[in-house]
Each structure stands twice: as structure tokens, then as C-alpha cells.
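Chemist: Take a look at upload03.cif, mmCIF, C-alpha atoms:
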```cif
data_work
loop_
_atom_site.label_atom_id
_atom_site.label_comp_id
_atom_site.auth_asym_id
_atom_site.auth_seq_id
_atom_site.Cartn_x
_atom_site.Cartn_y
_atom_site.Cartn_z
CA MET A 22 -9.31 -4.85 -36.69
CA THR A 23 -10.92 -8.23 -37.23
CA SER A 24 -7.74 -10.20 -37.84
CA GLY A 25 -8.12 -11.87 -34.45
CA GLN A 26 -11.21 -13.76 -35.55
CA ASP A 27 -9.14 -16.22 -37.52
CA ALA A 28 -7.42 -17.26 -34.34
CA ILE A 29 -10.70 -18.10 -32.60
CA SER A 30 -11.29 -21.75 -33.09
CA PRO A 31 -14.11 -23.97 -31.82
CA VAL A 32 -13.71 -24.20 -28.08
CA SER A 33 -13.98 -26.87 -25.45
CA ASP A 34 -13.61 -27.24 -21.69
CA GLY A 35 -16.65 -25.16 -20.78
CA ASP A 36 -15.81 -22.35 -23.20
CA GLU A 37 -18.31 -23.47 -25.86
CA ASP A 38 -20.51 -20.43 -25.52
CA LEU A 39 -17.49 -18.13 -25.64
CA ALA A 40 -16.57 -18.67 -29.28
CA PRO A 41 -19.00 -16.11 -30.75
CA VAL A 42 -18.32 -13.73 -27.86
CA LEU A 43 -14.57 -13.90 -28.46
CA ALA A 44 -15.02 -13.45 -32.19
CA ALA A 45 -17.11 -10.33 -31.60
CA ALA A 46 -14.67 -9.10 -28.94
CA ALA A 47 -11.77 -9.50 -31.38
CA ALA A 48 -13.66 -7.16 -33.72
CA GLY A 49 -14.08 -4.60 -30.93
CA ASP A 50 -17.75 -5.24 -30.18
CA GLU A 51 -18.66 -3.44 -26.96
CA GLY A 52 -21.43 -5.85 -26.02
CA ALA A 53 -19.03 -8.77 -26.23
CA TRP A 54 -16.56 -6.99 -24.00
CA ARG A 55 -19.27 -6.21 -21.48
CA ASP A 56 -20.02 -9.91 -21.39
CA LEU A 57 -16.35 -10.83 -20.85
CA VAL A 58 -15.87 -8.19 -18.18
CA ARG A 59 -19.04 -9.37 -16.42
CA ARG A 60 -17.81 -12.98 -16.47
CA TYR A 61 -14.21 -12.46 -15.49
CA GLY A 62 -13.62 -8.89 -14.27
CA ARG A 63 -14.34 -9.42 -10.59
CA ARG A 64 -12.56 -12.77 -10.57
CA VAL A 65 -9.37 -11.19 -11.88
CA PHE A 66 -9.80 -8.39 -9.37
CA ALA A 67 -10.28 -10.82 -6.44
CA LEU A 68 -7.19 -12.74 -7.45
CA ALA A 69 -5.12 -9.56 -7.54
CA LYS A 70 -6.65 -8.19 -4.37
CA SER A 71 -5.95 -11.38 -2.43
CA ARG A 72 -2.29 -11.30 -3.34
CA LEU A 73 -1.59 -7.56 -3.25
CA ARG A 74 -4.08 -6.41 -0.58
CA ARG A 75 -4.57 -3.08 -2.27
CA THR A 76 -7.81 -2.20 -4.01
CA ASP A 77 -6.23 0.45 -6.22
CA LEU A 78 -3.50 -1.87 -7.43
CA ALA A 79 -5.94 -4.73 -7.96
CA GLU A 80 -8.19 -2.50 -10.07
CA GLU A 81 -5.23 -1.19 -12.05
CA ILE A 82 -4.11 -4.74 -12.76
CA THR A 83 -7.63 -5.75 -13.78
CA GLN A 84 -7.72 -2.95 -16.35
CA SER A 85 -4.23 -3.81 -17.53
CA VAL A 86 -5.07 -7.50 -17.93
CA PHE A 87 -8.15 -6.79 -20.02
CA ALA A 88 -6.25 -4.28 -22.14
CA THR A 89 -3.60 -6.93 -22.79
CA VAL A 90 -6.29 -9.47 -23.67
CA ALA A 91 -7.91 -6.94 -26.02
CA ILE A 92 -4.62 -6.27 -27.81
CA LYS A 93 -3.92 -9.98 -28.25
CA LEU A 94 -7.45 -10.72 -29.46
CA ARG A 95 -7.35 -7.77 -31.85
CA ASP A 96 -3.97 -8.80 -33.26
CA GLY A 97 -4.75 -12.52 -33.48
CA GLY A 98 -2.50 -13.39 -30.54
CA TYR A 99 -4.99 -15.76 -28.95
CA ASP A 100 -4.45 -19.32 -30.14
CA GLU A 101 -5.20 -21.36 -27.07
CA GLN A 102 -7.71 -23.68 -28.75
CA GLY A 103 -10.66 -23.08 -26.49
CA ARG A 104 -8.84 -22.39 -23.25
CA PHE A 105 -9.65 -18.75 -22.96
CA GLU A 106 -10.24 -18.78 -19.22
CA ALA A 107 -6.92 -20.45 -18.46
CA TRP A 108 -5.20 -18.08 -20.89
CA LEU A 109 -6.81 -15.03 -19.27
CA PHE A 110 -5.79 -16.05 -15.78
CA ARG A 111 -2.28 -16.92 -16.91
CA ILE A 112 -1.94 -13.33 -18.09
CA ALA A 113 -3.44 -12.16 -14.80
CA MET A 114 -1.10 -14.29 -12.66
CA ASN A 115 1.97 -13.10 -14.55
CA ARG A 116 0.91 -9.51 -14.06
CA ILE A 117 0.15 -10.09 -10.37
CA ARG A 118 3.52 -11.78 -9.80
CA ASP A 119 5.33 -8.88 -11.43
CA GLU A 120 3.46 -6.39 -9.29
CA ALA A 121 4.00 -8.45 -6.12
CA ARG A 122 7.75 -8.49 -6.77
CA ARG A 123 7.74 -4.77 -7.42
CA THR A 124 5.70 -3.87 -4.34
CA THR A 125 7.78 -6.17 -2.16
CA ARG A 126 10.88 -4.27 -3.22
CA HIS A 127 9.21 -0.95 -2.51
CA ALA A 128 7.32 -1.99 0.67
CA ALA A 129 3.92 -0.79 -0.52
CA PRO A 130 1.37 0.07 2.18
CA VAL A 131 -1.51 -2.28 2.94
CA ASP A 132 -4.98 -1.05 1.98
CA PRO A 133 -6.28 0.32 5.30
CA GLY A 134 -9.83 -0.70 4.50
CA ALA A 135 -8.98 -4.26 3.59
CA PHE A 136 -9.70 -5.72 7.00
CA GLY A 137 -12.64 -3.59 8.01
CA ARG A 138 -15.11 -4.09 5.20
CA VAL A 139 -18.18 -6.22 5.62
CA PRO A 140 -18.46 -8.32 2.50
CA GLY A 141 -21.53 -8.23 0.33
CA ASP A 142 -23.14 -11.64 0.48
CA PRO A 143 -25.93 -12.32 -1.98
CA GLU A 144 -26.75 -15.61 -0.23
CA GLY A 145 -27.35 -14.24 3.23
CA ASP A 146 -25.60 -15.65 6.29
CA ALA A 147 -22.95 -17.82 4.66
CA VAL A 148 -20.22 -15.20 5.09
CA PRO A 149 -18.20 -15.13 8.32
CA ASP A 150 -17.67 -11.87 10.12
CA PRO A 151 -14.87 -9.58 8.94
CA SER A 152 -12.48 -10.46 11.74
CA GLU A 153 -12.69 -14.12 10.78
CA LEU A 154 -11.94 -13.19 7.17
CA GLY A 155 -9.03 -11.15 8.44
CA HIS A 156 -7.56 -14.21 10.14
CA LEU A 157 -8.05 -16.21 7.00
CA ARG A 158 -6.22 -13.55 4.98
CA ALA A 159 -3.38 -13.56 7.49
CA ALA A 160 -3.18 -17.34 7.31
CA LEU A 161 -3.00 -17.18 3.51
CA ASP A 162 -0.08 -14.79 3.86
CA GLU A 163 1.80 -17.42 5.83
CA LEU A 164 1.50 -19.99 3.08
CA GLY A 165 4.28 -20.41 0.56
CA ASP A 166 3.74 -18.92 -2.89
CA ALA A 167 3.09 -22.27 -4.57
CA ASP A 168 0.42 -23.35 -2.04
CA ARG A 169 -1.17 -19.94 -2.03
CA GLU A 170 -1.31 -19.80 -5.80
CA VAL A 171 -3.28 -23.02 -6.05
CA ILE A 172 -5.78 -21.87 -3.43
CA GLU A 173 -6.24 -18.44 -4.98
CA LEU A 174 -6.67 -19.81 -8.49
CA ARG A 175 -9.26 -22.26 -7.18
CA HIS A 176 -11.27 -19.97 -4.90
CA HIS A 177 -10.63 -16.38 -5.96
CA ALA A 178 -10.35 -16.98 -9.71
CA GLU A 179 -12.93 -19.79 -9.52
CA MET A 180 -11.00 -21.96 -11.98
CA SER A 181 -11.67 -25.68 -12.25
CA PHE A 182 -8.97 -28.09 -11.11
CA LYS A 183 -8.54 -29.15 -14.70
CA GLN A 184 -7.91 -25.56 -15.81
CA ILE A 185 -5.47 -24.97 -12.96
CA ALA A 186 -3.62 -28.19 -13.80
CA GLU A 187 -3.31 -27.12 -17.42
CA GLN A 188 -2.20 -23.63 -16.48
CA LEU A 189 0.47 -24.87 -14.10
CA GLY A 190 1.48 -27.68 -16.43
CA GLU A 191 0.88 -30.43 -13.87
CA PRO A 192 -1.04 -33.71 -14.00
CA MET A 193 -4.48 -33.54 -12.44
CA GLY A 194 -3.52 -35.88 -9.58
CA THR A 195 -0.51 -33.81 -8.67
CA LEU A 196 -2.57 -30.63 -8.73
CA LEU A 197 -5.24 -32.15 -6.49
CA ALA A 198 -2.58 -33.29 -4.07
CA ARG A 199 -1.07 -29.82 -4.04
CA HIS A 200 -4.44 -28.25 -3.36
CA HIS A 201 -5.18 -30.67 -0.57
CA ARG A 202 -1.80 -30.15 1.05
CA ALA A 203 -2.25 -26.38 0.79
CA LEU A 204 -5.62 -26.64 2.54
CA ARG A 205 -4.11 -28.78 5.28
CA LYS A 206 -1.35 -26.23 5.84
CA LEU A 207 -3.91 -23.47 5.94
CA ARG A 208 -5.96 -25.40 8.47
CA ALA A 209 -2.90 -25.97 10.61
CA ILE A 210 -2.03 -22.26 10.52
CA LEU A 211 -5.57 -21.30 11.48
CA GLU A 212 -5.72 -23.84 14.30
CA SER A 213 -2.39 -22.67 15.68
CA SER A 214 -3.58 -19.07 15.73
CA PRO A 215 -5.20 -18.13 19.09
CA ALA A 216 -7.52 -15.64 17.37
CA ALA A 217 -8.88 -18.28 15.02
CA GLY A 218 -10.14 -20.47 17.82
CA GLY A 219 -10.04 -23.53 15.69
CA ALA A 220 -12.77 -22.22 13.48
CA ALA A 221 -11.64 -24.24 10.51
CA MET B 7 -17.43 -26.68 -6.00
CA ASN B 8 -19.11 -28.93 -8.55
CA GLU B 9 -19.77 -32.66 -8.14
CA ARG B 10 -16.79 -33.66 -10.23
CA ASP B 11 -14.42 -31.60 -8.11
CA LYS B 12 -15.96 -32.94 -4.90
CA SER B 13 -15.51 -36.46 -6.12
CA GLN B 14 -11.90 -35.87 -7.05
CA LEU B 15 -11.18 -34.18 -3.77
CA SER B 16 -12.81 -37.03 -1.88
CA GLU B 17 -10.64 -39.51 -3.70
CA HIS B 18 -7.63 -37.49 -2.79
CA LEU B 19 -8.59 -37.30 0.85
CA ASP B 20 -8.72 -41.03 0.76
CA ALA B 21 -5.33 -41.22 -0.82
CA LEU B 22 -3.54 -38.78 1.44
CA GLY B 23 -4.10 -37.67 5.02
CA ALA B 24 -7.10 -39.81 5.80
CA ALA B 25 -5.36 -42.95 4.70
CA GLU B 26 -2.37 -42.10 6.90
CA ARG B 27 -4.56 -41.79 9.99
CA ALA B 28 -6.47 -44.90 9.11
CA ALA B 29 -3.19 -46.74 8.86
CA ALA B 30 -2.36 -45.54 12.38
CA GLY B 31 -5.44 -47.34 13.70
CA ASP B 32 -8.33 -44.85 13.43
CA ASP B 33 -11.64 -45.87 11.91
CA LEU B 34 -11.41 -45.13 8.21
CA GLU B 35 -14.99 -43.92 7.72
CA ALA B 36 -14.86 -41.67 10.79
CA VAL B 37 -11.54 -40.19 9.71
CA LEU B 38 -12.84 -39.57 6.22
CA ALA B 39 -15.98 -37.90 7.51
CA GLU B 40 -14.11 -35.70 9.97
CA ASP B 41 -11.48 -34.69 7.45
CA ALA B 42 -13.95 -34.05 4.68
CA GLY B 43 -16.14 -31.97 7.00
CA ALA B 44 -13.23 -29.82 8.12
CA MET B 45 -12.04 -29.34 4.57
CA ALA B 46 -15.53 -28.47 3.37
CA ALA B 47 -15.79 -25.84 6.10
CA LEU B 48 -12.43 -24.39 5.13
CA THR B 49 -13.24 -24.28 1.42
CA ALA B 50 -16.55 -22.56 2.27
CA ARG B 51 -14.62 -19.94 4.22
CA LEU B 52 -12.22 -19.47 1.34
CA ASP B 53 -15.14 -19.03 -1.05
CA ALA B 54 -16.63 -16.48 1.34
CA LEU B 55 -13.30 -14.67 1.46
CA ALA B 56 -13.19 -14.56 -2.35
CA THR B 57 -16.73 -13.17 -2.40
CA ALA B 58 -15.66 -10.53 0.10
CA GLU B 59 -12.64 -9.59 -2.00
CA ARG B 60 -14.80 -9.20 -5.10
CA ALA B 61 -17.16 -6.94 -3.15
CA THR B 62 -14.35 -4.48 -2.39
CA ALA B 63 -14.05 -3.46 -6.04
CA SER B 64 -15.31 0.05 -6.67
CA GLU B 65 -18.59 0.66 -8.49
CA GLY B 66 -16.97 2.02 -11.63
CA LEU B 67 -14.43 -0.77 -12.14
CA ASP B 68 -16.30 -2.41 -15.01
CA ASP B 69 -16.66 0.92 -16.82
CA ARG B 70 -12.96 1.67 -16.39
CA VAL B 71 -12.04 -1.76 -17.71
CA LEU B 72 -14.31 -1.22 -20.72
CA HIS B 73 -12.74 2.17 -21.28
CA ALA B 74 -9.26 0.62 -21.27
CA VAL B 75 -10.45 -1.95 -23.79
CA GLY B 76 -12.09 0.79 -25.88
CA GLU B 77 -8.74 2.57 -26.10
CA VAL B 78 -7.27 -0.52 -27.72
CA PHE B 79 -9.93 -0.49 -30.43
CA ALA B 80 -9.99 3.30 -30.91
CA PRO B 81 -8.98 4.50 -34.41
CA ILE B 82 -5.23 4.94 -34.80
CA PRO B 83 -5.32 8.78 -35.11
CA ILE B 84 -7.27 8.99 -31.85
CA ARG B 85 -4.85 6.63 -30.18
CA PHE B 86 -2.00 8.73 -31.53
CA VAL B 87 -3.53 11.95 -30.26
CA ARG B 88 -4.08 10.33 -26.87
CA SER B 89 -0.52 9.10 -26.61
CA LYS B 90 1.44 10.65 -23.79
CA TRP B 91 4.12 12.04 -26.09
CA VAL B 92 1.61 13.88 -28.23
CA ILE B 93 -0.14 15.15 -25.11
CA ALA B 94 3.22 16.34 -23.74
CA ALA B 95 4.13 18.08 -26.99
CA GLY B 96 0.70 19.68 -27.15
CA SER B 97 1.03 20.91 -23.60
CA ILE B 98 4.41 22.50 -24.34
CA ALA B 99 3.03 24.15 -27.50
CA ALA B 100 0.07 25.49 -25.54
CA ALA B 101 2.37 26.88 -22.85
CA VAL B 102 4.54 28.59 -25.48
CA ALA B 103 1.43 30.06 -27.10
CA VAL B 104 0.21 31.45 -23.78
CA VAL B 105 3.57 32.98 -22.91
CA GLY B 106 3.92 34.39 -26.43
CA GLY B 107 0.43 35.84 -26.26
CA VAL B 108 1.15 37.55 -22.97
CA TRP B 109 4.40 38.94 -24.35
CA MET B 110 2.67 40.28 -27.47
CA THR B 111 -0.04 41.92 -25.36
CA ARG B 112 2.39 43.52 -22.94
CA PHE B 113 5.17 44.60 -25.28
CA ALA B 114 4.52 44.07 -28.94
CA ALA B 115 1.04 45.58 -29.15
CA PRO B 116 1.97 49.12 -27.86
CA THR B 117 4.82 49.29 -30.35
CA GLU B 118 2.48 48.38 -33.12
CA ALA B 119 -0.06 51.01 -31.96
CA TYR B 120 2.68 53.60 -31.85
CA ASP B 121 3.70 52.70 -35.38
CA VAL B 122 0.11 53.13 -36.55
CA GLU B 123 -0.20 56.49 -34.83
CA LEU B 124 3.08 57.66 -36.31
CA ALA B 125 1.98 56.61 -39.77
CA THR B 126 -1.33 58.42 -39.33
CA PHE B 127 0.44 61.53 -38.16
CA GLU B 128 2.84 61.45 -41.08
CA GLN B 129 -0.05 60.93 -43.42
CA ASP B 130 -1.95 63.86 -41.94
CA VAL B 131 1.12 66.10 -42.19
CA GLY B 132 1.61 65.03 -45.75
CA ILE B 133 -1.97 65.95 -46.60
CA LEU B 134 -1.55 69.35 -44.95
CA LEU B 135 1.66 70.01 -46.86
CA GLU B 136 0.07 69.00 -50.09
CA LEU B 137 -3.00 71.11 -49.35
CA TYR B 138 -0.79 74.08 -48.57
CA GLU B 139 0.66 73.96 -52.04
CA THR B 140 -2.63 73.70 -53.96
CA ASP B 141 -5.06 76.17 -55.38
CA VAL B 142 -7.59 75.12 -52.80
CA TRP B 143 -5.37 76.52 -50.09
CA ASP B 144 -4.77 79.72 -52.00
CA GLY B 145 -8.46 80.10 -52.67
CA ALA B 146 -9.24 79.66 -49.00
CA LEU B 147 -6.74 82.34 -48.05
CA ALA B 148 -8.16 84.67 -50.66
CA GLU B 149 -11.55 84.13 -49.19
CA VAL B 150 -10.27 84.95 -45.73
CA GLU B 151 -8.63 88.16 -46.97
CA SER B 152 -11.77 89.14 -48.81
CA GLN B 153 -13.78 88.62 -45.71
CA ALA B 154 -11.32 90.73 -43.75
CA GLU B 155 -11.52 93.63 -46.19
CA ARG B 156 -15.25 93.58 -45.99
CA VAL B 157 -15.00 93.79 -42.19
CA GLU B 158 -12.55 96.68 -42.39
CA ASP B 159 -14.74 98.52 -44.86
CA GLY B 160 -17.67 98.06 -42.60
CA LEU B 161 -19.44 96.02 -45.18
CA ASP B 162 -19.57 93.01 -42.97
CA THR B 163 -19.50 92.04 -39.30
CA PRO B 164 -16.07 92.11 -37.66
CA TRP B 165 -14.12 88.93 -37.97
CA SER B 166 -11.88 89.10 -35.01
CA ALA B 167 -10.27 85.79 -35.79
CA TYR B 168 -8.98 86.95 -39.13
CA ASP B 169 -5.54 88.20 -38.04
CA ASP B 170 -4.94 85.13 -35.92
CA VAL B 171 -5.83 82.85 -38.77
CA ALA B 172 -3.80 84.78 -41.28
CA ASP B 173 -0.79 85.11 -38.97
CA SER B 174 -0.83 81.41 -38.22
CA PHE B 175 -0.19 80.71 -41.87
CA GLY B 176 2.10 83.70 -42.34
CA THR B 177 0.02 85.03 -45.19
CA GLY B 178 -2.43 87.29 -43.39
CA ALA B 179 -3.24 90.77 -44.65
CA SER B 180 -1.49 92.21 -41.63
CA SER B 181 1.81 90.45 -42.36
#
```
What do you get writing this file as C-alpha cells?
Modeler:
Amino acid sequence: MTSGQDAISPVSDGDEDLAPVLAAAAAGDEGAWRDLVRRYGRRVFALAKSRLRRTDLAEEITQSVFATVAIKLRDGGYDEQGRFEAWLFRIAMNRIRDEARRTTRHAAPVDPGAFGRVPGDPEGDAVPDPSELGHLRAALDELGDADREVIELRHHAEMSFKQIAEQLGEPMGTLLARHHRALRKLRAILESSPAAGGAA
Amino acid sequence: MNERDKSQLSEHLDALGAAERAAAGDDLEAVLAEDAGAMAALTARLDALATAERATASEGLDDRVLHAVGEVFAPIPIRFVRSKWVIAAGSIAAAVAVVGGVWMTRFAAPTEAYDVELATFEQDVGILLELYETDVWDGALAEVESQAERVEDGLDTPWSAYDDVADSFGTGASS
């Protein structure tokens, strides 16, 4: 049960405080898992939801990702030398890509509530109205997979550029250029959409 | 977005689109400011969208995730019992037990009751036959006949049932 602890080495890249949490999680400690789910659960969900547009699928994938992480931690399969967050989201992205391919083949229905919900905003008036978010979602759909992936990893998964660069195996400069180009394309799509009204 | 990311993004703005426009004759500082402002607005909208997506998760998501994790760390026998094959086999066994129980109730149980009744009857008959051949039986008959004689002699009250009883066994005084 605790074999995974040997694989947990001193961490870096913002994961310093995770080392004891991961060691406890590898031993099956519920408190440690609550901590990990609190830190990353909704971020994995948002990443899946943005790509798949279905709440049920996104939640299923979130559970599946954490179960996979639990198995690997338990069995000592985590050896990323302090890059837990990047490792977690790599698992998530692989799972999301698989599901996206599967649902594309089977033409899964879009979550009917996806465009109508008013988002919860803990900071007050910073959130645009739902229709504006709907246009933004539609614009994201028009981006190519590579551009979209960078944006979603940055904003939905809340990863740092350094983590994204490491995950995608690209130099930091290249990654930043990709992100910037993706934003420009998104801006252009939004500005060309009559409904957007040049809001970007 | 933290300060480091902002700085890197700013450098990139300088290196990419802004520099292209500046090269075309626009004022570099104005171009940078305009481009950075537009990009900041877009990234804010993307962050808001991500916040909105996170808010669509159902209330119980965290608990379900923790449950899925708990399954991984559950003891092996429990995991085995919870496996779909064991559940399927258990369901089939339960269905067979129910059908078998119904069958036993509807068909097997009456047969068994009949067998018990038959055995009881045979046992009772056996006791009667054995009793018939013993001194007890003979003594009882003698008593009946004695009683009958006393009735006939007027020494006792009439026992109207005497002949019926004696005839039923074929040993009555009248036979």
C-alpha cells in the first residue's frame, strides 16, 4: 500500500508543499486526497468541460483521472521528480483526447445547459454575461486543436507557461509564441463574429 | 496571471505582432499598449470562462472523486467483491435461488407434506395392527363383553353402543 512513497522525491517548480501530501496520498490517506481534489479537481473538470461540453462526461473523466493517479501513486508509478501538476494534467489531457475522439465518432449531444448557466463569480462583476461566454466558447471551437490546447491548459487548467512547455515538450519561447498566436486567432474569430461586437 | 508570465507575454508581444505593426510605421509604444490591452481583456474573458466552467460541476463531484479514489485503496477482498464479474455471478446465483425457492414452495413442498402424512398414516395403522394382536386389545374386548352381560342381566345401565363396537371389530357377543 505504501510502496508509492519511495517514488516521491523532493519536489520543485511550485510543488514544494506537495511532497508530504503526495506521500500521504500514496498511502491512501483520505485527508491528503481531499487536499489534492480541492487543489486540482475543478481544474481537471473545467479542462474536460471546455473540450467536451458535457458536464456528465467531464465529471466522469475527472473521477477517472483521479482514480488513475491514485493507482499510479499507490503502485509507485509516479516518478516525475516534482512535476506532479504537469503529470496530472498530462493524464487528464490524454483522457480528454481519447474521449473527444470517441464522442466525435459517435456524435455525442451537447449539454443543453452549457450555454444558459450564469457562472458563479466569487469576485463580483468580473464575469461577462452568459451570452458573451457562449460566443467565447464558440470561438474556441473554431480554433485548431493545437491552439485550443495551449489556451485551455493555460486558462482552464491554470498551468504556468513553464509547466505547459514541459508538458508539450517545447522550449518556453516557442510555447509563448504559440499561446500568443492562439490568442490572436481567437481575437480575430471574435471580432469577425457579428454577435461578439468586437468585445475582445 | 502572475508577474513573471505577464513579463514574458509582454516580451513576446514585442517580438511578434506589435513589432510587425511598428515596422509598418505605427508608433511602437501605442501599438504595444493597444495590443497588450486587447490581449489582457481577452485573457480576462478566458479566465472568466474557465471560472464559469468550474462552476457547472455538480455539488457532489468532490465526494464522487474521493469515492473513486477510495475504491483504489480498498482492501483487495472488498475490491474483489465489488468487481463487476463477482457482482454478475452473485446476481445470477441470487436469481437461481429465488426461482428454486419458488419451485420448492409450489411443487416440492406438497409432495413432502404428502410423504409425511403417508408415513404418519402407515405408522398409525401399524400401531393399530400391533394393538389388535396384544393382550391389551383382548382385555379391552373382554371388558366390553363383561359390560354388555351386565346390561343384559339388568345389573347395569344399557350400553346401546356395545353391539356396534363389538361388530366393528368382528368379535362382539352378538357375532
Chemist: To test your reading of the syntax: which residues would the PyMOL selection byres ((chain A and resi 120) around 10) return for the file shown? Reply as a PDB file with C-alpha atoms, keeping the file's coordinate frame.
Modeler:
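What landed in selection-v2.pdb:
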```
ATOM      1  CA  ALA A  69      -5.120  -9.560  -7.540  1.00  0.00           C
ATOM      2  CA  ARG A  72      -2.290 -11.300  -3.340  1.00  0.00           C
ATOM      3  CA  LEU A  73      -1.590  -7.560  -3.250  1.00  0.00           C
ATOM      4  CA  LEU A  78      -3.500  -1.870  -7.430  1.00  0.00           C
ATOM      5  CA  ALA A  79      -5.940  -4.730  -7.960  1.00  0.00           C
ATOM      6  CA  ILE A  82      -4.110  -4.740 -12.760  1.00  0.00           C
ATOM      7  CA  MET A 114      -1.100 -14.290 -12.660  1.00  0.00           C
ATOM      8  CA  ASN A 115       1.970 -13.100 -14.550  1.00  0.00           C
ATOM      9  CA  ARG A 116       0.910  -9.510 -14.060  1.00  0.00           C
ATOM     10  CA  ILE A 117       0.150 -10.090 -10.370  1.00  0.00           C
ATOM     11  CA  ARG A 118       3.520 -11.780  -9.800  1.00  0.00           C
ATOM     12  CA  ASP A 119       5.330  -8.880 -11.430  1.00  0.00           C
ATOM     13  CA  ALA A 121       4.000  -8.450  -6.120  1.00  0.00           C
ATOM     14  CA  ARG A 122       7.750  -8.490  -6.770  1.00  0.00           C
ATOM     15  CA  ARG A 123       7.740  -4.770  -7.420  1.00  0.00           C
ATOM     16  CA  THR A 124       5.700  -3.870  -4.340  1.00  0.00           C
ATOM     17  CA  THR A 125       7.780  -6.170  -2.160  1.00  0.00           C
ATOM     18  CA  ARG A 126      10.880  -4.270  -3.220  1.00  0.00           C
TER      19      ARG A 126
END
```
Chemist: Take the PyMOL selection byres ((chain A and resi 202-206) around 9), apply it to the structure above, and return the hits as a PyMOL selection string.
Modeler: (chain A and resi 164-165+167-169+171-172+197-201+207-211) or (chain B and resi 22-23+45+48-49)
Chemist: Kindly resolve the PyMOL selection byres ((chain A and resi 53-64) around 10) on the present coordinates and return the residues as a ChimeraX atom specification.
Modeler: /A:39,41-52,65-70,79-80,83-84,86-87,91,106,109-110,174,176-180 /B:56-57,59-63,67-69,71-72,75-76
Chemist: Considering only C-alpha atoms, can you say which of A:Gln188, A:Ala160, A:Arg95, A:Asp38 comes closest to Ile112 (chain A)?
Modeler: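 For Ile112 (chain A), the nearest of the candidates is A:Gln188.
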Chemist: So what do you get for CA of Glu81 (chain A) versus CA of Asp166 (chain A), distance-wise?
Modeler: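 Taking CA of Glu81 (chain A) as the start and CA of Asp166 (chain A) as the end point, the length is 21.9 Å.
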Chemist: For the atom pair CA of Ala74 (chain B) and CA of Gly98 (chain A), what is the interatomic distance in Å to one decimal place?
Modeler: 18.1 Å
Chemist: Take CA of Tyr99 (chain A) and CA of Ile185 (chain A) and report the distance between them in Å, one decimal.
Modeler: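 Going from CA of Tyr99 (chain A) over to CA of Ile185 (chain A), I get 18.5 Å.
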Chemist: Please return, as JSON, numbers by chain, all polymer residues that have at least one atom within 10 Å of the point (-5.5, -32.6, -10.7); use all atoms listed in the file and the file's own coordinate frame.
Modeler: {"A": [181, 182, 183, 184, 185, 186, 187, 191, 192, 193, 194, 195, 196, 197, 198, 199, 200], "B": [11, 14, 15, 18]}
Chemist: Go through A:Leu154, A:Ala113, A:Leu161, A:Ala107 one by one, measure the shortest atom-to-atom distance of each to chain B using all atoms listed in the file, and give the residue with the smallest value.
Modeler: A:Leu154
